[in-house]
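As stored in work_16.csv (CSV, C-alpha atoms):
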```csv
chain,number,residue,atom,x,y,z
H,5,GLN,CA,66.4,95.4,92.6
H,6,GLU,CA,68.0,95.3,96.1
H,7,GLN,CA,71.6,96.2,96.0
H,8,LEU,CA,74.5,98.0,97.7
H,9,VAL,CA,76.6,100.4,95.7
H,10,GLU,CA,79.9,101.9,96.8
H,11,SER,CA,81.3,105.1,95.4
H,12,GLY,CA,83.9,107.7,96.2
H,13,GLY,CA,87.1,105.8,95.5
H,14,GLY,CA,90.0,107.3,93.5
H,15,LEU,CA,93.6,108.3,93.5
H,16,VAL,CA,94.9,110.4,96.4
H,17,GLN,CA,98.3,111.4,97.7
H,18,PRO,CA,99.6,110.1,101.0
H,19,GLY,CA,98.2,112.2,103.8
H,20,GLY,CA,95.1,113.0,101.8
H,21,SER,CA,91.4,112.2,102.4
H,22,LEU,CA,88.6,110.4,100.7
H,23,ARG,CA,85.0,109.8,101.7
H,24,LEU,CA,83.5,106.5,100.5
H,25,SER,CA,79.7,106.1,100.3
H,26,CYS,CA,77.7,102.9,100.6
H,27,GLY,CA,74.2,103.4,99.2
H,28,ALA,CA,71.3,101.1,99.1
H,29,SER,CA,68.5,100.7,96.6
H,30,GLY,CA,65.4,98.6,97.2
H,31,PHE,CA,65.9,98.4,101.0
H,32,THR,CA,66.6,100.5,104.0
H,33,LEU,CA,70.1,100.6,105.4
H,34,ALA,CA,69.0,101.7,108.8
H,35,ASN,CA,67.6,98.2,109.3
H,36,TYR,CA,71.0,96.6,109.0
H,37,ALA,CA,74.5,96.7,110.5
H,38,ILE,CA,77.0,97.8,107.9
H,39,GLY,CA,80.6,96.7,107.6
H,40,TRP,CA,83.4,98.1,105.5
H,41,PHE,CA,86.0,95.7,104.2
H,42,ARG,CA,89.1,96.0,101.9
H,43,GLN,CA,91.2,93.8,99.8
H,44,ALA,CA,94.7,94.7,98.6
H,45,PRO,CA,96.3,92.9,95.6
H,46,GLY,CA,97.6,89.5,96.7
H,47,LYS,CA,96.1,89.8,100.2
H,48,GLU,CA,93.0,88.4,101.9
H,49,ARG,CA,90.0,90.6,102.4
H,50,GLU,CA,89.9,92.2,105.8
H,51,ALA,CA,87.3,93.9,107.9
H,52,ILE,CA,88.1,97.5,108.8
H,53,SER,CA,85.0,99.0,110.3
H,54,CYS,CA,81.4,98.4,111.3
H,55,ILE,CA,78.4,100.3,112.6
H,56,ARG,CA,75.6,98.7,114.4
H,57,LYS,CA,71.9,99.4,113.5
H,58,SER,CA,70.5,99.7,117.0
H,59,ASP,CA,72.7,102.3,118.6
H,60,SER,CA,75.2,103.1,115.9
H,61,THR,CA,78.1,101.7,118.0
H,62,THR,CA,81.2,101.7,115.8
H,63,TYR,CA,84.2,99.4,115.6
H,64,TYR,CA,87.5,99.9,113.8
H,65,ALA,CA,90.5,97.8,112.9
H,66,ASP,CA,93.7,98.9,114.7
H,67,SER,CA,95.2,99.8,111.3
H,68,VAL,CA,92.6,102.5,110.7
H,69,GLN,CA,91.6,103.6,114.2
H,70,GLY,CA,91.9,107.3,114.6
H,71,ARG,CA,92.1,107.9,110.8
H,72,PHE,CA,88.8,106.5,109.5
H,73,THR,CA,85.3,107.3,110.6
H,74,ILE,CA,82.1,105.4,109.8
H,75,SER,CA,78.8,107.1,110.0
H,76,ARG,CA,75.2,106.9,108.8
H,77,ASP,CA,72.8,109.3,107.1
H,78,LYS,CA,69.4,107.7,107.4
H,79,ALA,CA,67.7,110.4,105.3
H,80,LYS,CA,70.1,109.5,102.4
H,81,ASN,CA,70.0,105.8,103.0
H,82,THR,CA,73.8,105.9,103.0
H,83,VAL,CA,76.7,104.9,105.2
H,84,TYR,CA,80.0,106.7,104.8
H,85,LEU,CA,83.6,105.9,105.5
H,86,GLN,CA,85.6,109.1,105.9
H,87,MET,CA,89.2,108.2,105.4
H,88,ASP,CA,91.9,110.8,106.5
H,89,LYS,CA,95.6,110.7,106.7
H,90,LEU,CA,95.7,108.0,104.0
H,91,ARG,CA,98.8,105.9,103.6
H,92,PRO,CA,100.1,103.8,100.6
H,93,GLU,CA,99.2,100.7,102.6
H,94,ASP,CA,95.5,101.7,102.5
H,95,THR,CA,95.5,101.0,98.7
H,96,ALA,CA,92.8,98.4,98.1
H,97,ALA,CA,89.4,97.7,96.8
H,98,TYR,CA,86.9,98.7,99.4
H,99,TYR,CA,83.6,96.9,99.9
H,100,CYS,CA,80.6,97.4,102.1
H,101,ALA,CA,78.3,94.7,103.3
H,102,ALA,CA,74.9,94.6,105.2
H,103,ASP,CA,73.5,92.1,107.6
H,104,GLY,CA,72.0,91.7,111.1
H,105,GLU,CA,73.3,93.2,114.3
H,106,TRP,CA,75.4,90.1,114.9
H,107,MET,CA,77.6,91.2,112.1
H,108,CYS,CA,79.2,94.0,114.1
H,109,ALA,CA,81.7,93.1,116.6
H,110,PRO,CA,85.3,94.0,117.5
H,111,VAL,CA,86.7,94.0,114.0
H,112,ALA,CA,89.3,91.3,114.6
H,113,THR,CA,86.5,88.8,115.2
H,114,MET,CA,84.4,89.8,112.1
H,115,TYR,CA,84.1,87.4,109.2
H,116,SER,CA,85.6,89.1,106.1
H,117,THR,CA,84.4,86.6,103.5
H,118,TYR,CA,81.0,85.6,104.9
H,119,ASP,CA,78.0,85.5,102.6
H,120,TYR,CA,76.3,88.5,104.2
H,121,ASP,CA,72.8,89.5,103.1
H,122,TYR,CA,74.3,92.2,100.8
H,123,TRP,CA,77.7,93.0,99.3
H,124,GLY,CA,78.6,95.9,97.2
H,125,GLN,CA,80.7,95.6,94.0
H,126,GLY,CA,83.6,97.6,95.5
H,127,THR,CA,85.4,100.8,94.8
H,128,GLN,CA,89.1,101.2,94.3
H,129,VAL,CA,91.2,103.4,96.5
H,130,THR,CA,94.8,104.1,95.5
H,131,VAL,CA,97.2,106.1,97.7
H,132,SER,CA,100.3,107.2,95.8
H,133,SER,CA,102.4,110.2,95.1
```

Please render this file's structure as structure tokens.
Amino acid sequence: QEQLVESGGGLVQPGGSLRLSCGASGFTLANYAIGWFRQAPGKEREAISCIRKSDSTTYYADSVQGRFTISRDKAKNTVYLQMDKLRPEDTAAYYCAADGEWMCAPVATMYSTYDYDYWGQGTQVTVSS
């Protein structure tokens, strides 16, 4: 069965770090652009980062630029989102999605609710003292 699975969420104090993983089963992530999205309670889902498949160009939302880093590990068929200097406003369910190269663009122009080829089930991140 082809699916994306996120992991690595949890409870962390403000200023702390987490690393989210987006793993694939049944297909190769290196053949896809990968986006990370998040949805806080009562808010719309928003795109926060993306990595292209061809040259691994990365994009970030202004709200996470300089604090979050997206990367690939082709050998592990996994894409990571390293989140540092976390803030309470980063609290949300985090999702990854996979689709063609067109998916990745300056984050403000990305579709946050599009029916991409694959969506994960989400992982919860809570930033609180």

Write out as an MDAnalysis selection string the residues lying within 8 Å of H:Met114, counting all atoms listed in the file and excluding same-chain residues fewer than 6 positions away.
-> chainID H and resid 51 107:108

Is it possible to get the residues within 7 Å of (84.4, 107.3, 110.0) (coordinates as in the file, counting all atoms listed in the file) written as a PDB file with C-alpha atoms, in the coordinates of the input?
```pdb
ATOM      1  CA  PHE H  72      88.800 106.500 109.500  1.00  0.00           C
ATOM      2  CA  THR H  73      85.300 107.300 110.600  1.00  0.00           C
ATOM      3  CA  ILE H  74      82.100 105.400 109.800  1.00  0.00           C
ATOM      4  CA  SER H  75      78.800 107.100 110.000  1.00  0.00           C
ATOM      5  CA  TYR H  84      80.000 106.700 104.800  1.00  0.00           C
ATOM      6  CA  LEU H  85      83.600 105.900 105.500  1.00  0.00           C
ATOM      7  CA  GLN H  86      85.600 109.100 105.900  1.00  0.00           C
ATOM      8  CA  MET H  87      89.200 108.200 105.400  1.00  0.00           C
TER       9      MET H  87
END
```

Polymer residues at most 7 Å from stretch 26-29 of chain H, all atoms listed in the file, same-chain spacing of 3 or more positions, as a list in words = Gln5, Glu6, Gln7, Leu8, Val9, Glu10, Ser11, Thr32, Leu33, Asn81, Thr82, Val83, Tyr84 and Cys100 of chain H

Work out how far atom CA of H:Tyr36 is from atom CA of H:Ser116, in Å to one decimal.
-> 16.7 Å

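Within the 12 Å cut-off around H:Val68, using only C-alpha atoms and omitting residues fewer than 6 positions from it on the same chain, the listed residues are Trp40, Phe41, Arg42, Glu50, Ala51, Ile52, Ser53, Cys54, Ile74, Leu85, Gln86, Met87, Asp88, Lys89, Leu90, Arg91, Glu93, Asp94 and Val111 of chain H.
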
Write out as a PyMOL selection string each polymer residue whose atoms come within 7 Å of H:Gln43, counting only C-alpha atoms; drop sequence neighbours fewer than 6 positions from it.
-> chain H and resi 49-50+96-98

Between atom CA of H:Thr95 and atom CA of H:Gly13, what is the spacing in Å?
->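 Value for the atom CA of H:Gly13-atom CA of H:Thr95 distance: 10.2 Å.
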
Please report, as JSON, the centre and edge lengths in Å to one decimal of an axis-aligned box covering all listed atoms of stretch 21-34 of chain H with 6 Å per side.
```
{"center_x": 78.4, "center_y": 105.3, "center_z": 102.7, "size_x": 38.0, "size_y": 25.8, "size_z": 24.2}
```

Neighbours of point (98.9, 108.3, 100.8) within 7 Å, using only C-alpha atoms, written as a count of residues only | 11

How far is it from atom CA of H:Asp119 to atom CA of H:Ala101, in Å with one decimal?
-> 9.2 Å

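Nearest to H:Arg56 of all the residues H:Gly126, H:Gly39, H:Gly12, H:Gly30 is H:Gly39, counting only C-alpha atoms.
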
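With all atoms listed in the file as the atoms that count, the residue of H:Ile55, H:Ala65, H:Ala44, H:Ala79 with the shortest distance to H:Val129 is H:Ala44.
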